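Enquirer: Here you go, this is model36.pdb (PDB, C-alpha atoms, pLDDT in the B column).
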```pdb
ATOM      1  CA  MET A 484       0.000   0.000   0.000  1.00 50.00           C
ATOM      2  CA  ALA A 485       1.475   3.353  -1.045  1.00 64.00           C
ATOM      3  CA  SER A 486       1.848   5.995   1.642  1.00 76.00           C
ATOM      4  CA  SER A 487       2.569   9.684   1.358  1.00 78.00           C
ATOM      5  CA  LEU A 488       3.952   9.749   4.921  1.00 86.00           C
ATOM      6  CA  THR A 489       7.446   9.203   6.248  1.00 87.00           C
ATOM      7  CA  CYS A 490       8.009   6.985   9.321  1.00 89.00           C
ATOM      8  CA  THR A 491       7.753  10.149  11.433  1.00 91.00           C
ATOM      9  CA  GLY A 492       4.559  10.948   9.537  1.00 90.00           C
ATOM     10  CA  VAL A 493       2.975   7.639  10.532  1.00 91.00           C
ATOM     11  CA  ILE A 494       3.762   8.392  14.200  1.00 94.00           C
ATOM     12  CA  TRP A 495       2.301  11.880  13.673  1.00 94.00           C
ATOM     13  CA  ALA A 496      -0.895  10.400  12.165  1.00 94.00           C
ATOM     14  CA  LEU A 497      -1.408   7.973  15.062  1.00 95.00           C
ATOM     15  CA  LEU A 498      -0.598  10.600  17.702  1.00 96.00           C
ATOM     16  CA  SER A 499      -2.934  13.066  15.973  1.00 96.00           C
ATOM     17  CA  LEU A 500      -5.746  10.519  16.163  1.00 96.00           C
ATOM     18  CA  LEU A 501      -5.077   9.880  19.865  1.00 97.00           C
ATOM     19  CA  CYS A 502      -5.011  13.615  20.652  1.00 97.00           C
ATOM     20  CA  ALA A 503      -8.196  14.280  18.689  1.00 97.00           C
ATOM     21  CA  ALA A 504      -9.942  11.319  20.361  1.00 97.00           C
ATOM     22  CA  ALA A 505      -8.844  12.425  23.863  1.00 97.00           C
ATOM     23  CA  SER A 506     -10.012  16.008  23.301  1.00 97.00           C
ATOM     24  CA  CYS A 507     -13.315  15.002  21.668  1.00 97.00           C
ATOM     25  CA  VAL A 508     -14.185  12.413  24.330  1.00 97.00           C
ATOM     26  CA  GLY A 509     -13.260  14.831  27.125  1.00 97.00           C
ATOM     27  CA  PHE A 510     -15.277  17.622  25.505  1.00 97.00           C
ATOM     28  CA  PHE A 511     -18.395  15.464  25.128  1.00 96.00           C
ATOM     29  CA  MET A 512     -18.316  13.937  28.630  1.00 96.00           C
ATOM     30  CA  PRO A 513     -20.042  15.869  31.446  1.00 95.00           C
ATOM     31  CA  TYR A 514     -17.268  15.290  33.990  1.00 96.00           C
ATOM     32  CA  TRP A 515     -15.341  18.567  33.899  1.00 97.00           C
ATOM     33  CA  LEU A 516     -16.508  19.658  37.351  1.00 96.00           C
ATOM     34  CA  LEU A 517     -17.607  17.330  40.162  1.00 96.00           C
ATOM     35  CA  GLY A 518     -19.625  18.177  43.253  1.00 94.00           C
ATOM     36  CA  THR A 519     -22.666  17.149  45.308  1.00 93.00           C
ATOM     37  CA  GLN A 520     -26.180  18.497  45.754  1.00 91.00           C
ATOM     38  CA  MET A 521     -28.762  17.077  48.158  1.00 88.00           C
ATOM     39  CA  ASP A 522     -26.266  14.271  48.935  1.00 88.00           C
ATOM     40  CA  LYS A 523     -26.183  13.164  45.276  1.00 91.00           C
ATOM     41  CA  PRO A 524     -23.102  13.363  43.019  1.00 94.00           C
ATOM     42  CA  VAL A 525     -23.422  16.111  40.393  1.00 94.00           C
ATOM     43  CA  SER A 526     -21.111  16.752  37.445  1.00 96.00           C
ATOM     44  CA  PHE A 527     -20.897  19.396  34.737  1.00 96.00           C
ATOM     45  CA  GLY A 528     -19.369  19.616  31.285  1.00 95.00           C
ATOM     46  CA  THR A 529     -19.520  22.706  29.107  1.00 93.00           C
ATOM     47  CA  PHE A 530     -22.938  21.836  27.647  1.00 95.00           C
ATOM     48  CA  ARG A 531     -24.008  18.738  29.618  1.00 95.00           C
ATOM     49  CA  ARG A 532     -24.854  17.950  33.218  1.00 94.00           C
ATOM     50  CA  CYS A 533     -25.411  14.834  35.339  1.00 94.00           C
ATOM     51  CA  SER A 534     -27.984  14.903  38.173  1.00 91.00           C
ATOM     52  CA  TYR A 535     -30.289  17.870  38.400  1.00 86.00           C
ATOM     53  CA  PRO A 536     -33.104  18.985  40.713  1.00 85.00           C
ATOM     54  CA  VAL A 537     -36.724  18.477  39.602  1.00 85.00           C
ATOM     55  CA  ARG A 538     -40.031  19.118  41.327  1.00 83.00           C
ATOM     56  CA  ASP A 539     -41.820  15.922  42.415  1.00 81.00           C
ATOM     57  CA  GLU A 540     -45.539  16.835  42.465  1.00 81.00           C
ATOM     58  CA  GLU A 541     -46.552  13.654  44.332  1.00 81.00           C
ATOM     59  CA  LYS A 542     -44.184  14.303  47.225  1.00 80.00           C
ATOM     60  CA  GLN A 543     -44.481  18.104  46.867  1.00 81.00           C
ATOM     61  CA  ALA A 544     -40.697  18.358  47.130  1.00 84.00           C
ATOM     62  CA  THR A 545     -37.604  18.905  45.032  1.00 84.00           C
ATOM     63  CA  VAL A 546     -35.675  15.704  44.293  1.00 85.00           C
ATOM     64  CA  MET A 547     -32.468  14.995  42.394  1.00 84.00           C
ATOM     65  CA  LEU A 548     -32.923  13.167  39.091  1.00 87.00           C
ATOM     66  CA  GLU A 549     -29.782  11.079  38.537  1.00 89.00           C
ATOM     67  CA  GLN A 550     -29.480  11.288  34.754  1.00 91.00           C
ATOM     68  CA  CYS A 551     -27.050  12.895  32.338  1.00 92.00           C
ATOM     69  CA  GLY A 552     -28.207  15.143  29.547  1.00 89.00           C
ATOM     70  CA  ARG A 553     -27.625  18.247  27.465  1.00 92.00           C
ATOM     71  CA  TYR A 554     -29.101  21.583  28.424  1.00 92.00           C
ATOM     72  CA  ALA A 555     -32.462  22.095  26.705  1.00 89.00           C
ATOM     73  CA  SER A 556     -31.149  25.057  24.705  1.00 93.00           C
ATOM     74  CA  PHE A 557     -27.881  26.866  24.077  1.00 94.00           C
ATOM     75  CA  ASN A 558     -29.107  29.705  26.319  1.00 93.00           C
ATOM     76  CA  GLY A 559     -29.819  27.116  29.027  1.00 92.00           C
ATOM     77  CA  ILE A 560     -26.060  26.696  29.588  1.00 95.00           C
ATOM     78  CA  PRO A 561     -25.469  28.307  33.032  1.00 92.00           C
ATOM     79  CA  SER A 562     -23.059  31.101  32.020  1.00 94.00           C
ATOM     80  CA  LEU A 563     -21.927  33.125  29.012  1.00 95.00           C
ATOM     81  CA  GLU A 564     -18.348  31.902  29.589  1.00 95.00           C
ATOM     82  CA  TRP A 565     -19.461  28.262  29.301  1.00 96.00           C
ATOM     83  CA  ARG A 566     -21.355  29.058  26.081  1.00 96.00           C
ATOM     84  CA  ILE A 567     -18.219  30.605  24.581  1.00 97.00           C
ATOM     85  CA  CYS A 568     -16.176  27.681  25.917  1.00 97.00           C
ATOM     86  CA  THR A 569     -18.565  25.208  24.229  1.00 97.00           C
ATOM     87  CA  VAL A 570     -18.234  26.893  20.831  1.00 97.00           C
ATOM     88  CA  VAL A 571     -14.465  27.474  21.002  1.00 97.00           C
ATOM     89  CA  THR A 572     -13.667  23.968  22.287  1.00 97.00           C
ATOM     90  CA  GLY A 573     -16.057  22.370  19.784  1.00 97.00           C
ATOM     91  CA  VAL A 574     -14.397  24.162  16.841  1.00 98.00           C
ATOM     92  CA  GLY A 575     -10.944  23.184  18.160  1.00 97.00           C
ATOM     93  CA  CYS A 576     -11.976  19.515  18.460  1.00 97.00           C
ATOM     94  CA  GLY A 577     -13.371  19.645  14.923  1.00 97.00           C
ATOM     95  CA  LEU A 578     -10.052  20.946  13.569  1.00 97.00           C
ATOM     96  CA  LEU A 579      -8.044  18.260  15.413  1.00 97.00           C
ATOM     97  CA  LEU A 580     -10.383  15.565  14.106  1.00 97.00           C
ATOM     98  CA  LEU A 581     -10.153  16.881  10.535  1.00 96.00           C
ATOM     99  CA  VAL A 582      -6.337  16.829  10.578  1.00 96.00           C
ATOM    100  CA  ALA A 583      -6.233  13.395  12.244  1.00 96.00           C
ATOM    101  CA  LEU A 584      -8.502  11.838   9.607  1.00 95.00           C
ATOM    102  CA  THR A 585      -6.538  13.488   6.782  1.00 93.00           C
ATOM    103  CA  ALA A 586      -3.284  12.214   8.299  1.00 92.00           C
ATOM    104  CA  LEU A 587      -4.699   8.679   8.528  1.00 92.00           C
ATOM    105  CA  MET A 588      -5.754   8.831   4.881  1.00 92.00           C
ATOM    106  CA  GLY A 589      -2.168   9.861   4.096  1.00 88.00           C
ATOM    107  CA  CYS A 590      -1.061   6.446   5.402  1.00 85.00           C
ATOM    108  CA  CYS A 591      -3.003   4.758   2.588  1.00 84.00           C
ATOM    109  CA  ILE A 592      -2.953   7.247  -0.296  1.00 83.00           C
ATOM    110  CA  SER A 593       0.240   8.201  -2.078  1.00 79.00           C
ATOM    111  CA  ASP A 594       0.890  11.873  -2.904  1.00 79.00           C
ATOM    112  CA  LEU A 595      -1.820  13.064  -0.483  1.00 83.00           C
ATOM    113  CA  ILE A 596       0.449  14.728   2.059  1.00 86.00           C
ATOM    114  CA  SER A 597       3.513  16.610   0.852  1.00 85.00           C
ATOM    115  CA  ARG A 598       5.935  18.449   3.121  1.00 88.00           C
ATOM    116  CA  THR A 599       3.981  21.674   2.615  1.00 89.00           C
ATOM    117  CA  ILE A 600       0.581  20.093   3.324  1.00 91.00           C
ATOM    118  CA  GLY A 601       2.048  18.410   6.419  1.00 91.00           C
ATOM    119  CA  ARG A 602       3.192  21.790   7.718  1.00 92.00           C
ATOM    120  CA  VAL A 603      -0.181  23.392   6.958  1.00 94.00           C
ATOM    121  CA  ALA A 604      -1.871  20.513   8.803  1.00 94.00           C
ATOM    122  CA  GLY A 605       0.457  21.133  11.747  1.00 95.00           C
ATOM    123  CA  GLY A 606      -0.548  24.787  11.726  1.00 96.00           C
ATOM    124  CA  ILE A 607      -4.222  23.812  11.796  1.00 97.00           C
ATOM    125  CA  GLN A 608      -3.488  21.462  14.725  1.00 96.00           C
ATOM    126  CA  PHE A 609      -1.772  24.306  16.555  1.00 97.00           C
ATOM    127  CA  VAL A 610      -4.830  26.546  16.065  1.00 97.00           C
ATOM    128  CA  GLY A 611      -7.148  23.703  17.139  1.00 97.00           C
ATOM    129  CA  GLY A 612      -5.098  23.071  20.272  1.00 97.00           C
ATOM    130  CA  LEU A 613      -5.024  26.802  21.009  1.00 97.00           C
ATOM    131  CA  LEU A 614      -8.819  27.017  20.724  1.00 97.00           C
ATOM    132  CA  ILE A 615      -9.320  24.042  23.057  1.00 97.00           C
ATOM    133  CA  GLY A 616      -6.760  25.487  25.485  1.00 96.00           C
ATOM    134  CA  SER A 617      -8.659  28.798  25.417  1.00 97.00           C
ATOM    135  CA  GLY A 618     -11.882  26.925  26.148  1.00 96.00           C
ATOM    136  CA  CYS A 619     -10.262  25.177  29.118  1.00 96.00           C
ATOM    137  CA  ALA A 620      -8.974  28.550  30.374  1.00 96.00           C
ATOM    138  CA  LEU A 621     -12.455  30.131  30.035  1.00 95.00           C
ATOM    139  CA  TYR A 622     -14.230  27.308  31.883  1.00 96.00           C
ATOM    140  CA  PRO A 623     -13.327  28.429  35.462  1.00 96.00           C
ATOM    141  CA  LEU A 624     -14.885  31.845  34.746  1.00 95.00           C
ATOM    142  CA  GLY A 625     -18.301  30.148  34.888  1.00 94.00           C
ATOM    143  CA  TRP A 626     -17.849  28.749  38.376  1.00 95.00           C
ATOM    144  CA  ASP A 627     -19.689  31.759  39.841  1.00 93.00           C
ATOM    145  CA  SER A 628     -22.996  30.741  38.196  1.00 93.00           C
ATOM    146  CA  GLU A 629     -25.927  29.857  40.442  1.00 92.00           C
ATOM    147  CA  GLU A 630     -26.053  26.182  39.345  1.00 92.00           C
ATOM    148  CA  VAL A 631     -22.388  25.625  40.147  1.00 94.00           C
ATOM    149  CA  GLN A 632     -22.623  27.433  43.486  1.00 93.00           C
ATOM    150  CA  GLN A 633     -25.560  25.233  44.541  1.00 91.00           C
ATOM    151  CA  THR A 634     -23.425  22.177  43.783  1.00 93.00           C
ATOM    152  CA  CYS A 635     -20.243  23.521  45.398  1.00 93.00           C
ATOM    153  CA  ASN A 636     -21.723  24.419  48.808  1.00 90.00           C
ATOM    154  CA  ASN A 637     -22.284  28.059  47.791  1.00 90.00           C
ATOM    155  CA  SER A 638     -18.537  28.589  48.147  1.00 88.00           C
ATOM    156  CA  SER A 639     -17.432  28.615  44.496  1.00 89.00           C
ATOM    157  CA  ASP A 640     -16.457  31.688  42.507  1.00 92.00           C
ATOM    158  CA  GLN A 641     -14.450  32.405  39.382  1.00 92.00           C
ATOM    159  CA  PHE A 642     -11.263  30.273  39.640  1.00 91.00           C
ATOM    160  CA  GLN A 643     -12.363  29.100  43.121  1.00 92.00           C
ATOM    161  CA  LEU A 644     -13.768  25.583  43.316  1.00 91.00           C
ATOM    162  CA  GLY A 645     -15.246  25.716  46.794  1.00 88.00           C
ATOM    163  CA  SER A 646     -16.179  22.145  47.769  1.00 92.00           C
ATOM    164  CA  CYS A 647     -16.099  20.902  44.138  1.00 95.00           C
ATOM    165  CA  GLN A 648     -13.205  19.378  42.227  1.00 95.00           C
ATOM    166  CA  ILE A 649     -12.040  19.216  38.627  1.00 96.00           C
ATOM    167  CA  GLY A 650     -12.983  15.978  36.858  1.00 96.00           C
ATOM    168  CA  TRP A 651     -11.035  13.693  34.525  1.00 97.00           C
ATOM    169  CA  ALA A 652     -12.735  14.954  31.345  1.00 97.00           C
ATOM    170  CA  TYR A 653     -11.279  18.450  31.822  1.00 97.00           C
ATOM    171  CA  TYR A 654      -7.756  17.019  32.095  1.00 97.00           C
ATOM    172  CA  CYS A 655      -8.362  14.676  29.143  1.00 97.00           C
ATOM    173  CA  THR A 656      -9.499  17.554  26.890  1.00 97.00           C
ATOM    174  CA  GLY A 657      -6.607  19.799  27.924  1.00 96.00           C
ATOM    175  CA  ALA A 658      -3.971  17.070  27.631  1.00 97.00           C
ATOM    176  CA  GLY A 659      -5.123  16.153  24.103  1.00 96.00           C
ATOM    177  CA  ALA A 660      -4.921  19.808  23.083  1.00 96.00           C
ATOM    178  CA  ALA A 661      -1.486  20.318  24.664  1.00 96.00           C
ATOM    179  CA  VAL A 662       0.056  17.279  22.949  1.00 96.00           C
ATOM    180  CA  ALA A 663      -1.520  18.322  19.631  1.00 95.00           C
ATOM    181  CA  MET A 664      -0.141  21.846  19.970  1.00 94.00           C
ATOM    182  CA  LEU A 665       3.355  20.949  21.089  1.00 93.00           C
ATOM    183  CA  LEU A 666       4.259  17.493  19.772  1.00 95.00           C
ATOM    184  CA  CYS A 667       1.987  16.941  16.759  1.00 94.00           C
ATOM    185  CA  THR A 668       2.711  20.395  15.338  1.00 94.00           C
ATOM    186  CA  TRP A 669       6.447  19.687  15.504  1.00 94.00           C
ATOM    187  CA  LEU A 670       6.137  16.160  14.050  1.00 94.00           C
ATOM    188  CA  SER A 671       3.998  17.455  11.162  1.00 92.00           C
ATOM    189  CA  CYS A 672       7.035  19.328   9.798  1.00 91.00           C
ATOM    190  CA  PHE A 673       8.654  15.956   8.996  1.00 90.00           C
ATOM    191  CA  ALA A 674       5.466  14.042   8.105  1.00 87.00           C
ATOM    192  CA  GLY A 675       5.242  14.387   4.326  1.00 81.00           C
ATOM    193  CA  LYS A 676       7.575  12.904   1.756  1.00 76.00           C
ATOM    194  CA  LYS A 677       9.284  15.179  -0.728  1.00 70.00           C
ATOM    195  CA  GLN A 678       7.234  15.309  -3.884  1.00 63.00           C
ATOM    196  CA  LYS A 679       8.720  13.796  -7.030  1.00 58.00           C
ATOM    197  CA  GLN A 680       9.896  16.247  -9.647  1.00 56.00           C
ATOM    198  CA  TYR A 681       8.447  15.412 -13.061  1.00 51.00           C
ATOM    199  CA  PRO A 682      10.593  16.525 -16.039  1.00 53.00           C
ATOM    200  CA  TYR A 683       8.145  18.546 -18.126  1.00 53.00           C
TER
END
```
What is this structure when it is put down as structure tokens?

Expert:
Amino acid sequence: MASSLTCTGVIWALLSLLCAAASCVGFFMPYWLLGTQMDKPVSFGTFRRCSYPVRDEEKQATVMLEQCGRYASFNGIPSLEWRICTVVTGVGCGLLLLVALTALMGCCISDLISRTIGRVAGGIQFVGGLLIGSGCALYPLGWDSEEVQQTCNNSSDQFQLGSCQIGWAYYCTGAGAAVAMLLCTWLSCFAGKKQKQYPY
């Protein structure tokens, strides 16, 4: 099978896929922030939440429904910062995924990825990683929202967790972005083979 990638390029393609997968999985999972409400575990992502209070008409009381789901609308996301974070991180994940799939196709298709295209792909990965990193940096600005404060013992504020803690999905998203920005961008410079010169 003909490949347009060097040995370094194959490593770049596989690492790109791992980084994109880590960032996308972390972004989709609602385990960025962990806390408790009414003695039930509660977790938040940028656009999803697990466990939320609902009114039980039979008992005439508020109970915690232990389910995970998206917010009903984009405006339902608790804070403006989390809405921006959702868009920025989503675009960044999309870029990482696009480059990863292109790189994988380069393993099977000759003349798909030249040195120049490899470097452009690395630049796109850098931008994608930067967007995801920006999303991760914006996320703590939403910790002062009412929903988060209810979950964190009313002691959370911007960049202050209170009784909550950061979940694995936040680290997973950030780590994928960091490796994409630093390592994949560098490897992409050596990913493509030199194109053949045709005498005409």

Enquirer: What residues come out when you apply the PyMOL selection byres ((chain A and resi 489-505) around 7) to this file, written as number ranges by chain?

Expert: A: 487-488, 506-509, 576, 579-580, 583, 586-587, 590, 655-656, 659-660, 662-663, 667, 670-671, 673-676

Enquirer: Within 9 Å of (-18.7, 16.7, 34.5) in the file's own coordinates, which protein, DNA or RNA residues have an atom, counting only C-alpha atoms? List them as a ChimeraX atom specification.

Expert: /A:512-518,525-529,531-533,649-653

Enquirer: Once you count all atoms listed in the file, what closest atom pair and distance in Å to one decimal does each residue of stretch 606-654 of chain A within 9 Å of stretch 563-574 of chain A have, with rows by chain and rising residue number, as JSON lines?

Expert:
```
{"residue": "A:Gly611", "atom": "CA", "partner": "A:Val574", "partner_atom": "CA", "distance": 7.3}
{"residue": "A:Gly612", "atom": "CA", "partner": "A:Thr572", "partner_atom": "CA", "distance": 8.8}
{"residue": "A:Leu614", "atom": "CA", "partner": "A:Val571", "partner_atom": "CA", "distance": 5.7}
{"residue": "A:Ile615", "atom": "CA", "partner": "A:Thr572", "partner_atom": "CA", "distance": 4.4}
{"residue": "A:Gly616", "atom": "CA", "partner": "A:Thr572", "partner_atom": "CA", "distance": 7.8}
{"residue": "A:Ser617", "atom": "CA", "partner": "A:Val571", "partner_atom": "CA", "distance": 7.4}
{"residue": "A:Gly618", "atom": "CA", "partner": "A:Cys568", "partner_atom": "CA", "distance": 4.4}
{"residue": "A:Cys619", "atom": "CA", "partner": "A:Cys568", "partner_atom": "CA", "distance": 7.2}
{"residue": "A:Ala620", "atom": "CA", "partner": "A:Cys568", "partner_atom": "CA", "distance": 8.5}
{"residue": "A:Leu621", "atom": "CA", "partner": "A:Cys568", "partner_atom": "CA", "distance": 6.1}
{"residue": "A:Tyr622", "atom": "CA", "partner": "A:Trp565", "partner_atom": "CA", "distance": 5.9}
{"residue": "A:Pro623", "atom": "CA", "partner": "A:Glu564", "partner_atom": "CA", "distance": 8.5}
{"residue": "A:Leu624", "atom": "CA", "partner": "A:Glu564", "partner_atom": "CA", "distance": 6.2}
{"residue": "A:Gly625", "atom": "CA", "partner": "A:Glu564", "partner_atom": "CA", "distance": 5.6}
```

Enquirer: Rounded to one decimal place, report the atom CA of A:Leu584-atom CA of A:Lys677 distance in Å.

Expert: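 That distance, rounded to one decimal, is 20.8 Å.
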
Enquirer: When you count all atoms listed in the file, which of these residues is closest to A:Leu548: A:Thr585, A:Asp594, A:Phe530, A:Asp522?

Expert: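 Once distances to A:Leu548 are computed over all atoms listed in the file, the minimum belongs to A:Asp522.
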
Enquirer: Got a sec to resolve the PyMOL selection byres ((chain A and resi 593) around 7) on this structure and send the residues as a PyMOL selection string?

Expert: chain A and resi 485-487+589+591-592+594-595

Enquirer: For atom CA of A:Gly657 and atom CA of A:Gly559, determine how far apart the two atoms are, in Å to one decimal place.

Expert: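 Calculated distance between atom CA of A:Gly657 and atom CA of A:Gly559 is 24.4 Å.
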
Enquirer: Counting only C-alpha atoms, figure out which residue out of A:Gln632, A:Ala544, A:Ser562, A:Met664 gets nearest to A:Leu578.

Expert: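 Going through A:Gln632, A:Ala544, A:Ser562, A:Met664 one by one, the smallest distance to A:Leu578 is for A:Met664.
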
Enquirer: Compare A:Tyr535, A:Phe609, A:Trp669, A:Phe511 by their minimum atom-to-atom distance to A:Met547, counting all atoms listed in the file, and give me the closest one.

Expert: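 Closest to A:Met547 of all the choices is A:Tyr535.
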
Enquirer: Just how far from atom CA of A:Ala658 is atom CA of A:Phe557, in Å to one decimal?

Expert: 26.1 Å

Enquirer: Between A:Gly577, A:Gly645, A:Gly601, A:Gly606, which residue has the minimum interatomic distance to A:Val631, considering only C-alpha atoms?

Expert: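 Nearest to A:Val631: A:Gly645.
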